[in-house]
$ cat target_7.tsv   # TSV, C-alpha atoms
chain	number	residue	atom	x	y	z
A	1	MET	CA	0.00	0.00	0.00
A	2	ASN	CA	1.06	3.61	-0.61
A	3	ILE	CA	0.91	6.54	1.79
A	4	GLY	CA	0.62	9.79	-0.12
A	5	SER	CA	3.27	9.63	-2.83
A	6	HIS	CA	5.41	7.23	-0.78
A	7	THR	CA	5.57	3.45	-0.55
A	8	PHE	CA	4.91	2.12	2.93
A	9	ASP	CA	8.63	1.44	3.42
A	10	GLU	CA	9.59	4.92	2.27
A	11	PHE	CA	7.11	6.37	4.75
A	12	VAL	CA	8.64	4.24	7.53
A	13	SER	CA	12.02	5.89	6.78
A	14	ILE	CA	10.53	9.40	6.71
A	15	VAL	CA	8.86	8.78	10.07
A	16	LYS	CA	12.11	7.51	11.60
A	17	SER	CA	13.94	10.61	10.46
A	18	PHE	CA	11.36	13.16	11.72
A	19	HIS	CA	9.79	11.41	14.71
A	20	GLY	CA	12.88	9.54	15.99
A	21	HIS	CA	11.57	6.01	15.43
A	22	ALA	CA	8.97	4.22	13.31
A	23	ALA	CA	6.23	4.71	15.88
A	24	PRO	CA	3.11	2.62	15.11
A	25	GLY	CA	0.96	5.68	15.82
A	26	VAL	CA	2.61	7.72	13.06
A	27	LEU	CA	2.39	4.83	10.57
A	28	ILE	CA	-1.31	4.41	11.36
A	29	GLY	CA	-1.63	8.19	11.21
A	30	GLY	CA	-0.11	8.16	7.72
A	31	ILE	CA	-2.84	5.83	6.49
A	32	MET	CA	-5.49	8.03	8.14
A	33	VAL	CA	-4.15	11.25	6.60
A	34	ASP	CA	-3.98	9.56	3.20
A	35	MET	CA	-7.65	8.51	3.54
A	36	ALA	CA	-8.67	12.03	4.49
A	37	LEU	CA	-6.74	13.60	1.59
A	38	LYS	CA	-8.38	11.24	-0.90
A	39	ASN	CA	-11.85	12.16	0.34
A	40	LEU	CA	-11.56	15.92	0.65
A	41	PRO	CA	-14.44	17.97	-0.69
A	42	GLU	CA	-13.54	20.55	-3.32
A	43	GLY	CA	-11.75	23.61	-2.06
A	44	LYS	CA	-8.46	25.36	-2.18
A	45	PHE	CA	-7.14	25.66	1.34
A	46	PHE	CA	-7.49	23.06	4.04
A	47	ASP	CA	-6.90	23.38	7.74
A	48	ALA	CA	-6.39	20.37	10.02
A	49	VAL	CA	-7.65	19.44	13.46
A	50	CYS	CA	-5.93	16.65	15.34
A	51	GLU	CA	-7.77	15.27	18.38
A	52	THR	CA	-4.71	13.88	20.15
A	53	THR	CA	-1.19	15.14	20.88
A	54	LYS	CA	0.26	11.65	20.47
A	55	CYS	CA	1.96	10.66	17.20
A	56	LEU	CA	-0.88	11.65	14.86
A	57	PRO	CA	0.15	15.35	14.55
A	58	ASP	CA	3.47	14.22	13.05
A	59	ALA	CA	1.71	12.22	10.31
A	60	ILE	CA	-0.27	15.35	9.46
A	61	GLN	CA	2.86	17.52	9.42
A	62	LEU	CA	4.70	15.02	7.20
A	63	LEU	CA	1.94	14.49	4.62
A	64	THR	CA	0.15	17.84	4.35
A	65	PRO	CA	1.28	21.50	4.20
A	66	ASN	CA	-0.20	21.90	7.69
A	67	THR	CA	2.18	22.32	10.63
A	68	ILE	CA	1.87	23.49	14.23
A	69	GLY	CA	4.02	26.53	13.48
A	70	ASN	CA	2.15	27.73	10.39
A	71	GLY	CA	-1.18	27.59	12.20
A	72	TRP	CA	-2.91	25.30	9.69
A	73	LEU	CA	-2.90	22.45	12.22
A	74	LYS	CA	-4.75	22.79	15.50
A	75	ILE	CA	-4.54	20.20	18.27
A	76	LEU	CA	-7.58	19.63	20.48
A	77	ASN	CA	-6.37	17.38	23.25
A	78	PHE	CA	-9.34	14.98	23.48
A	79	GLY	CA	-7.14	11.87	23.45
A	80	ARG	CA	-9.21	10.52	20.53
A	81	TYR	CA	-7.27	9.01	17.65
A	82	ALA	CA	-8.90	11.18	15.00
A	83	LEU	CA	-8.11	13.96	12.58
A	84	SER	CA	-10.12	16.28	10.37
A	85	LEU	CA	-9.22	18.20	7.25
A	86	TYR	CA	-11.63	20.98	6.29
A	87	GLU	CA	-11.92	23.85	3.87
A	88	LYS	CA	-10.65	26.78	5.91
A	89	HIS	CA	-13.29	29.31	4.84
A	90	ASN	CA	-16.49	27.26	5.03
A	91	GLY	CA	-15.45	24.56	7.54
A	92	ALA	CA	-16.68	21.60	5.45
A	93	GLY	CA	-14.48	18.55	5.46
A	94	VAL	CA	-13.81	14.97	6.46
A	95	ARG	CA	-12.86	13.26	9.70
A	96	VAL	CA	-11.06	9.93	10.02
A	97	PHE	CA	-10.82	7.96	13.27
A	98	LEU	CA	-9.39	4.65	14.43
A	99	ASP	CA	-12.61	2.72	15.06
A	100	PRO	CA	-12.63	0.44	18.14
A	101	LYS	CA	-15.34	-1.69	16.49
A	102	LYS	CA	-13.05	-2.55	13.58
A	103	LEU	CA	-10.00	-3.91	15.40
A	104	GLU	CA	-10.91	-7.55	16.06
A	105	ASP	CA	-9.01	-8.91	13.04
A	106	TRP	CA	-5.75	-7.22	14.10
A	107	PRO	CA	-5.08	-8.18	17.72
A	108	GLU	CA	-1.65	-6.53	17.82
A	109	ILE	CA	-3.13	-3.18	16.71
A	110	LYS	CA	-5.90	-3.58	19.28
A	111	ALA	CA	-3.39	-4.40	22.05
A	112	TRP	CA	-1.30	-1.34	21.14
A	113	PHE	CA	-4.29	1.01	20.86
A	114	PHE	CA	-5.90	-0.02	24.15
A	115	LYS	CA	-2.52	-0.40	25.91
A	116	LEU	CA	-3.35	-4.04	26.72
A	117	LYS	CA	0.32	-5.08	26.88
A	118	PRO	CA	3.32	-3.42	28.52
A	119	LYS	CA	5.47	-1.82	25.79
A	120	ILE	CA	8.25	-4.33	26.44
A	121	GLU	CA	5.96	-7.20	25.40
A	122	GLN	CA	4.87	-5.56	22.14
A	123	ASP	CA	6.02	-7.31	19.00
A	124	SER	CA	6.95	-4.24	16.91
A	125	GLN	CA	7.45	-6.13	13.67
A	126	LEU	CA	4.14	-8.01	13.98
A	127	LEU	CA	2.41	-4.73	14.83
A	128	GLN	CA	3.93	-3.01	11.78
A	129	ASP	CA	2.96	-5.99	9.59
A	130	GLN	CA	-0.64	-5.82	10.83
A	131	ILE	CA	-0.78	-2.05	10.21
A	132	ARG	CA	0.41	-2.57	6.66
A	133	GLU	CA	-1.92	-5.52	6.05
A	134	ALA	CA	-4.98	-3.86	7.58
A	135	GLY	CA	-4.60	-0.77	5.38
A	136	THR	CA	-7.64	1.49	5.64
A	137	ARG	CA	-9.96	-1.12	7.19
A	138	PRO	CA	-9.59	-0.17	10.89
A	139	PHE	CA	-10.77	3.40	10.23
A	140	THR	CA	-14.07	5.17	9.76
A	141	ILE	CA	-14.47	8.33	7.70
A	142	GLN	CA	-17.19	10.94	8.23
A	143	GLY	CA	-18.30	14.18	6.65
A	144	ILE	CA	-17.96	17.05	9.12
A	145	GLN	CA	-18.81	20.70	9.42
A	146	LEU	CA	-16.82	22.87	11.82
A	147	LYS	CA	-18.71	25.14	14.19
A	148	PRO	CA	-18.34	28.82	13.17
A	149	GLU	CA	-16.28	29.69	16.28
A	150	PHE	CA	-13.61	27.18	15.21
A	151	ILE	CA	-13.34	28.65	11.70
A	152	THR	CA	-12.87	32.28	12.69
A	153	LYS	CA	-9.31	33.27	13.46
A	154	LYS	CA	-9.10	35.06	16.79
A	155	SER	CA	-6.56	37.86	17.04
A	156	ARG	CA	-4.73	38.28	20.32
A	157	GLY	CA	-4.28	41.98	19.60
A	158	SER	CA	-1.24	44.22	19.64
A	159	ILE	CA	2.16	43.09	20.85
A	160	VAL	CA	3.33	44.98	23.93
A	161	VAL	CA	6.06	44.63	26.53
A	162	CYS	CA	5.09	42.92	29.79
A	163	PRO	CA	5.95	45.23	32.72
A	164	MET	CA	7.07	42.24	34.81
A	165	CYS	CA	9.29	40.07	32.59
A	166	LEU	CA	10.00	42.83	30.02
A	167	GLU	CA	9.28	40.42	27.18
A	168	ALA	CA	6.78	40.96	24.38
A	169	TYR	CA	3.29	39.37	24.58
A	170	PRO	CA	-0.21	39.88	23.10
A	171	ILE	CA	-2.13	42.60	24.98
A	172	ASN	CA	-5.39	40.61	24.89
A	173	ASP	CA	-3.86	38.19	27.41
A	174	GLY	CA	-4.11	40.92	30.10
A	175	ALA	CA	-2.09	43.62	31.83
A	176	ILE	CA	0.83	41.23	32.26
A	177	CYS	CA	1.71	38.15	30.20
A	178	ARG	CA	0.29	34.70	30.97
A	179	ALA	CA	3.65	33.45	32.23
A	180	CYS	CA	3.79	36.29	34.79
A	181	GLN	CA	0.15	35.62	35.67
A	182	GLY	CA	1.39	32.36	37.21
A	183	GLU	CA	1.71	29.89	34.35
A	184	ASP	CA	5.50	30.20	34.12
A	185	PRO	CA	7.02	26.67	34.20
A	186	TYR	CA	10.42	27.82	35.49
A	187	VAL	CA	11.79	27.91	39.03
A	188	GLU	CA	14.36	30.55	38.29
A	189	HIS	CA	15.81	32.63	35.50
A	190	GLU	CA	19.45	33.52	35.47
A	191	VAL	CA	20.75	35.79	32.72
A	192	TYR	CA	24.07	34.58	31.28
B	1	MET	CA	26.07	32.43	9.54
B	2	ASN	CA	25.13	28.79	9.97
B	3	ILE	CA	22.01	27.33	11.53
B	4	GLY	CA	22.69	23.89	12.93
B	5	SER	CA	24.57	22.02	10.21
B	6	HIS	CA	22.98	24.18	7.47
B	7	THR	CA	24.01	27.41	5.82
B	8	PHE	CA	21.46	30.19	6.21
B	9	ASP	CA	20.33	29.70	2.58
B	10	GLU	CA	19.94	25.94	3.04
B	11	PHE	CA	17.84	26.59	6.12
B	12	VAL	CA	15.65	29.02	4.13
B	13	SER	CA	14.92	26.17	1.66
B	14	ILE	CA	14.19	23.67	4.44
B	15	VAL	CA	11.76	26.13	6.03
B	16	LYS	CA	9.99	26.73	2.69
B	17	SER	CA	9.53	23.03	2.20
B	18	PHE	CA	8.15	22.25	5.69
B	19	HIS	CA	6.41	25.48	6.69
B	20	GLY	CA	5.14	26.53	3.24
B	21	HIS	CA	7.15	29.74	2.95
B	22	ALA	CA	10.33	31.28	4.37
B	23	ALA	CA	8.52	32.86	7.30
B	24	PRO	CA	10.69	35.35	9.21
B	25	GLY	CA	9.54	33.77	12.48
B	26	VAL	CA	10.96	30.36	11.55
B	27	LEU	CA	14.24	31.88	10.34
B	28	ILE	CA	14.58	33.81	13.60
B	29	GLY	CA	13.52	30.63	15.40
B	30	GLY	CA	16.32	28.71	13.68
B	31	ILE	CA	18.91	31.12	15.09
B	32	MET	CA	17.32	30.84	18.55
B	33	VAL	CA	17.30	27.01	18.50
B	34	ASP	CA	20.90	27.00	17.33
B	35	MET	CA	21.87	29.28	20.27
B	36	ALA	CA	20.06	27.01	22.72
B	37	LEU	CA	21.68	23.84	21.33
B	38	LYS	CA	25.16	25.39	21.61
B	39	ASN	CA	24.58	26.28	25.26
B	40	LEU	CA	22.97	23.13	26.56
B	41	PRO	CA	24.19	21.82	29.87
B	42	GLU	CA	25.49	18.26	29.86
B	43	GLY	CA	22.85	15.57	29.59
B	44	LYS	CA	21.57	12.92	27.31
B	45	PHE	CA	17.93	13.64	26.58
B	46	PHE	CA	16.45	17.07	26.09
B	47	ASP	CA	12.84	18.11	26.05
B	48	ALA	CA	11.67	21.42	24.59
B	49	VAL	CA	9.17	24.05	25.69
B	50	CYS	CA	7.98	26.61	23.16
B	51	GLU	CA	6.14	29.64	24.56
B	52	THR	CA	4.23	30.51	21.39
B	53	THR	CA	2.30	28.54	18.77
B	54	LYS	CA	3.47	30.84	16.00
B	55	CYS	CA	6.35	29.78	13.73
B	56	LEU	CA	8.86	28.95	16.49
B	57	PRO	CA	7.62	25.34	17.03
B	58	ASP	CA	8.54	24.55	13.42
B	59	ALA	CA	12.14	25.74	13.93
B	60	ILE	CA	12.36	23.38	16.93
B	61	GLN	CA	10.88	20.48	14.96
B	62	LEU	CA	13.29	21.07	12.06
B	63	LEU	CA	16.49	21.40	14.10
B	64	THR	CA	16.05	19.06	17.07
B	65	PRO	CA	14.68	15.51	17.52
B	66	ASN	CA	11.74	17.10	19.36
B	67	THR	CA	8.34	17.12	17.65
B	68	ILE	CA	4.76	17.71	18.77
B	69	GLY	CA	3.86	14.10	17.99
B	70	ASN	CA	6.72	12.45	19.87
B	71	GLY	CA	5.97	14.43	23.01
B	72	TRP	CA	9.43	15.93	23.38
B	73	LEU	CA	8.11	19.38	22.49
B	74	LYS	CA	5.47	21.06	24.61
B	75	ILE	CA	3.78	24.32	23.64
B	76	LEU	CA	2.73	26.73	26.37
B	77	ASN	CA	0.67	29.35	24.62
B	78	PHE	CA	2.01	32.49	26.35
B	79	GLY	CA	2.54	34.35	23.09
B	80	ARG	CA	6.15	35.01	24.13
B	81	TYR	CA	8.81	34.49	21.48
B	82	ALA	CA	10.87	32.10	23.59
B	83	LEU	CA	11.94	28.49	23.77
B	84	SER	CA	13.65	26.29	26.32
B	85	LEU	CA	15.62	23.09	26.00
B	86	TYR	CA	16.16	21.16	29.23
B	87	GLU	CA	17.44	17.81	30.42
B	88	LYS	CA	14.28	15.76	30.67
B	89	HIS	CA	15.07	14.06	33.99
B	90	ASN	CA	16.37	16.95	36.08
B	91	GLY	CA	14.75	19.91	34.27
B	92	ALA	CA	17.93	22.00	33.99
B	93	GLY	CA	18.42	23.84	30.75
B	94	VAL	CA	18.55	27.05	28.79
B	95	ARG	CA	15.96	29.50	27.53
B	96	VAL	CA	16.35	31.86	24.57
B	97	PHE	CA	14.02	34.77	23.86
B	98	LEU	CA	13.71	37.57	21.33
B	99	ASP	CA	14.60	40.55	23.51
B	100	PRO	CA	12.58	43.76	22.92
B	101	LYS	CA	15.49	45.79	24.36
B	102	LYS	CA	17.83	44.56	21.63
B	103	LEU	CA	15.90	45.44	18.48
B	104	GLU	CA	16.77	49.09	17.90
B	105	ASP	CA	19.47	48.36	15.32
B	106	TRP	CA	17.14	46.28	13.15
B	107	PRO	CA	14.00	48.35	12.50
B	108	GLU	CA	12.51	45.82	10.08
B	109	ILE	CA	12.75	43.03	12.67
B	110	LYS	CA	11.24	45.34	15.27
B	111	ALA	CA	8.38	46.33	12.93
B	112	TRP	CA	7.66	42.66	12.18
B	113	PHE	CA	7.85	41.57	15.83
B	114	PHE	CA	5.62	44.32	17.20
B	115	LYS	CA	3.32	44.23	14.13
B	116	LEU	CA	4.03	47.92	13.51
B	117	LYS	CA	3.29	47.65	9.76
B	118	PRO	CA	0.51	45.90	7.86
B	119	LYS	CA	1.92	42.68	6.29
B	120	ILE	CA	1.48	44.14	2.82
B	121	GLU	CA	3.96	46.93	3.62
B	122	GLN	CA	6.64	44.59	4.97
B	123	ASP	CA	9.79	44.38	2.90
B	124	SER	CA	10.42	40.61	3.11
B	125	GLN	CA	13.87	40.73	1.57
B	126	LEU	CA	15.04	43.55	3.84
B	127	LEU	CA	13.60	41.70	6.84
B	128	GLN	CA	15.41	38.50	5.86
B	129	ASP	CA	18.64	40.44	5.31
B	130	GLN	CA	18.35	42.03	8.77
B	131	ILE	CA	17.67	38.63	10.37
B	132	ARG	CA	20.79	37.20	8.74
B	133	GLU	CA	22.92	40.26	9.58
B	134	ALA	CA	21.72	40.50	13.19
B	135	GLY	CA	22.57	36.86	13.89
B	136	THR	CA	22.34	36.06	17.59
B	137	ARG	CA	22.39	39.70	18.78
B	138	PRO	CA	18.62	40.28	19.20
B	139	PHE	CA	18.30	37.40	21.66
B	140	THR	CA	18.94	36.81	25.33
B	141	ILE	CA	19.84	33.42	26.78
B	142	GLN	CA	19.15	32.34	30.37
B	143	GLY	CA	19.78	29.32	32.54
B	144	ILE	CA	16.47	27.79	33.66
B	145	GLN	CA	15.17	25.11	35.96
B	146	LEU	CA	11.78	23.57	35.25
B	147	LYS	CA	9.33	23.24	38.13
B	148	PRO	CA	8.93	19.59	39.18
B	149	GLU	CA	5.30	19.42	37.96
B	150	PHE	CA	6.46	20.20	34.42
B	151	ILE	CA	9.07	17.43	34.44
B	152	THR	CA	6.83	14.59	35.59
B	153	LYS	CA	4.91	12.85	32.84
B	154	LYS	CA	1.23	12.65	33.70
B	155	SER	CA	-0.57	9.52	32.57
B	156	ARG	CA	-4.16	9.89	31.39
B	157	GLY	CA	-4.87	6.29	32.42
B	158	SER	CA	-6.40	3.36	30.58
B	159	ILE	CA	-7.95	3.70	27.14
B	160	VAL	CA	-11.68	2.92	27.14
B	161	VAL	CA	-14.60	3.37	24.76
B	162	CYS	CA	-16.74	6.49	25.25
B	163	PRO	CA	-20.39	5.43	25.71
B	164	MET	CA	-21.56	8.45	23.67
B	165	CYS	CA	-19.37	8.62	20.56
B	166	LEU	CA	-18.14	4.99	20.78
B	167	GLU	CA	-14.56	6.13	20.20
B	168	ALA	CA	-11.58	5.37	22.41
B	169	TYR	CA	-10.36	7.97	24.94
B	170	PRO	CA	-8.33	8.13	28.20
B	171	ILE	CA	-10.48	7.25	31.22
B	172	ASN	CA	-8.90	9.98	33.38
B	173	ASP	CA	-10.77	12.53	31.24
B	174	GLY	CA	-14.05	11.41	32.83
B	175	ALA	CA	-17.06	9.14	32.26
B	176	ILE	CA	-17.36	10.37	28.67
B	177	CYS	CA	-14.67	11.84	26.42
B	178	ARG	CA	-13.84	15.55	26.37
B	179	ALA	CA	-15.42	16.00	22.94
B	180	CYS	CA	-18.73	14.58	24.21
B	181	GLN	CA	-18.40	16.75	27.34
B	182	GLY	CA	-19.00	19.71	25.02
B	183	GLU	CA	-15.65	20.53	23.44
B	184	ASP	CA	-16.49	18.90	20.10
B	185	PRO	CA	-15.74	21.42	17.31
B	186	TYR	CA	-18.13	19.82	14.80
B	187	VAL	CA	-21.71	20.75	13.95
B	188	GLU	CA	-22.60	17.34	12.60
B	189	HIS	CA	-21.13	13.94	11.86
B	190	GLU	CA	-22.29	11.94	8.91
B	191	VAL	CA	-20.90	8.44	8.41
B	192	TYR	CA	-20.02	7.74	4.77

$ encode --input "target_7.tsv" --output "structure tokens"
Amino acid sequence: MNIGSHTFDEFVSIVKSFHGHAAPGVLIGGIMVDMALKNLPEGKFFDAVCETTKCLPDAIQLLTPNTIGNGWLKILNFGRYALSLYEKHNGAGVRVFLDPKKLEDWPEIKAWFFKLKPKIEQDSQLLQDQIREAGTRPFTIQGIQLKPEFITKKSRGSIVVCPMCLEAYPINDGAICRACQGEDPYVEHEVY
Amino acid sequence: MNIGSHTFDEFVSIVKSFHGHAAPGVLIGGIMVDMALKNLPEGKFFDAVCETTKCLPDAIQLLTPNTIGNGWLKILNFGRYALSLYEKHNGAGVRVFLDPKKLEDWPEIKAWFFKLKPKIEQDSQLLQDQIREAGTRPFTIQGIQLKPEFITKKSRGSIVVCPMCLEAYPINDGAICRACQGEDPYVEHEVY
């Protein structure tokens, strides 16, 4: 089977290079993205929603023009193994998800997905073989329409200097930046 | 100047290919990531924090092993142009930020950063030239220590099937998945 313009083996190499190893989640994600791309409604510019932070965003970044940094990929951290591609102006698109009802024929995929085995007991090669053999069968595709509030781009306003940290931040976040409001993850800062 | 193992021009091409265009934010981000990598304390495995969703995460994904999908890059959406790399077990590392105090010599960078001009009036070539010429000078680097709660990996528990949408989700999110709790961005689902 092919994934985008790549053979499965080529995609395995691409995943290793970007993601660090041939993670089953990114391989599965590749098949899902490919399904979504082949079923897109007409339109020029597509945005992406990914419903998990794990693995799947990398498949989207590798196979579409959509990245976290260019803003065309949004992550909603629902922990669902699902992605949507939709026309960015009207919000019409498709959603693909790994369907729990469709996993019985591939026990290694099921065990990985539901974390039924400790990682150490996973048979990576068998899992990869089942992913390749299963192809698009473990997934369900749906037509979707984004709610208007998810289509509109919200501006965070002008960029100003935070009076506490003296760094720049968007004024709509408040009188001081969010980090100085208490979200800062650091114990200490020490200027070199 | 070089960015990682690339010349500046090579990095411009890499950014175009991944990010869609040679966005000034990713070029600036490349210089920032390079500074951080050259100043890392000793350690084997580094995680990354990016304090904005805009552009900078792509520079991190292109120049380090850290991606959104492999979990080694976390985005905290403070809207500050800053990133940290830190040893993943002890949380010690470095932080680099675009320093508002250091922009006076590069008016085009300052205008871009503070959105002082409409995009249409930006001189992209002049901006890119100033980014290249300025090198590491517009940035400040700090030693940082992550708070313990940001170092520990939180598990979201077993994967179960949501009784509403019949998709899999992490049980720690509640009795039904977060999408079914009201965060779902879709107006309708229609199974093909």

$ interface_residues --input "target_7.tsv" --of "chain A" --to "chain B" --cutoff "7 Å" --atoms "only C-alpha atoms" --output "PyMOL selection string"
chain A and resi 19-20+53-58+65+67-71+78-80+99-100+114-115+141-147+150+159+167-170+177-179+185-192

$ residues_around --input "target_7.tsv" --residues "Gln130 in chain A" --least-positions-apart "3" --cutoff "12 Å" --atoms "all atoms listed in the file" --output "PyMOL selection string"
chain A and resi 24+27-28+103-112+123-127+133-138

$ atom_distance --input "target_7.tsv" --atom1 "CA of Val12 in chain B" --atom2 "CA of Val33 in chain B"
14.6 Å

$ residues_near_point --input "target_7.tsv" --point "(17.1, 21.1, 27.5)" --cutoff "9 Å" --atoms "all atoms listed in the file" --output "list in words"
Ala36, Leu37, Leu40, Pro41, Gly43, Phe45, Phe46, Asp47, Ala48, Val49, Ser84, Leu85, Tyr86, Glu87, Lys88, Gly91, Ala92, Gly93, Val94 and Arg95 of chain B

$ atom_distance --input "target_7.tsv" --atom1 "CA of Glu10 in chain B" --atom2 "CA of Asp129 in chain B"
14.7 Å
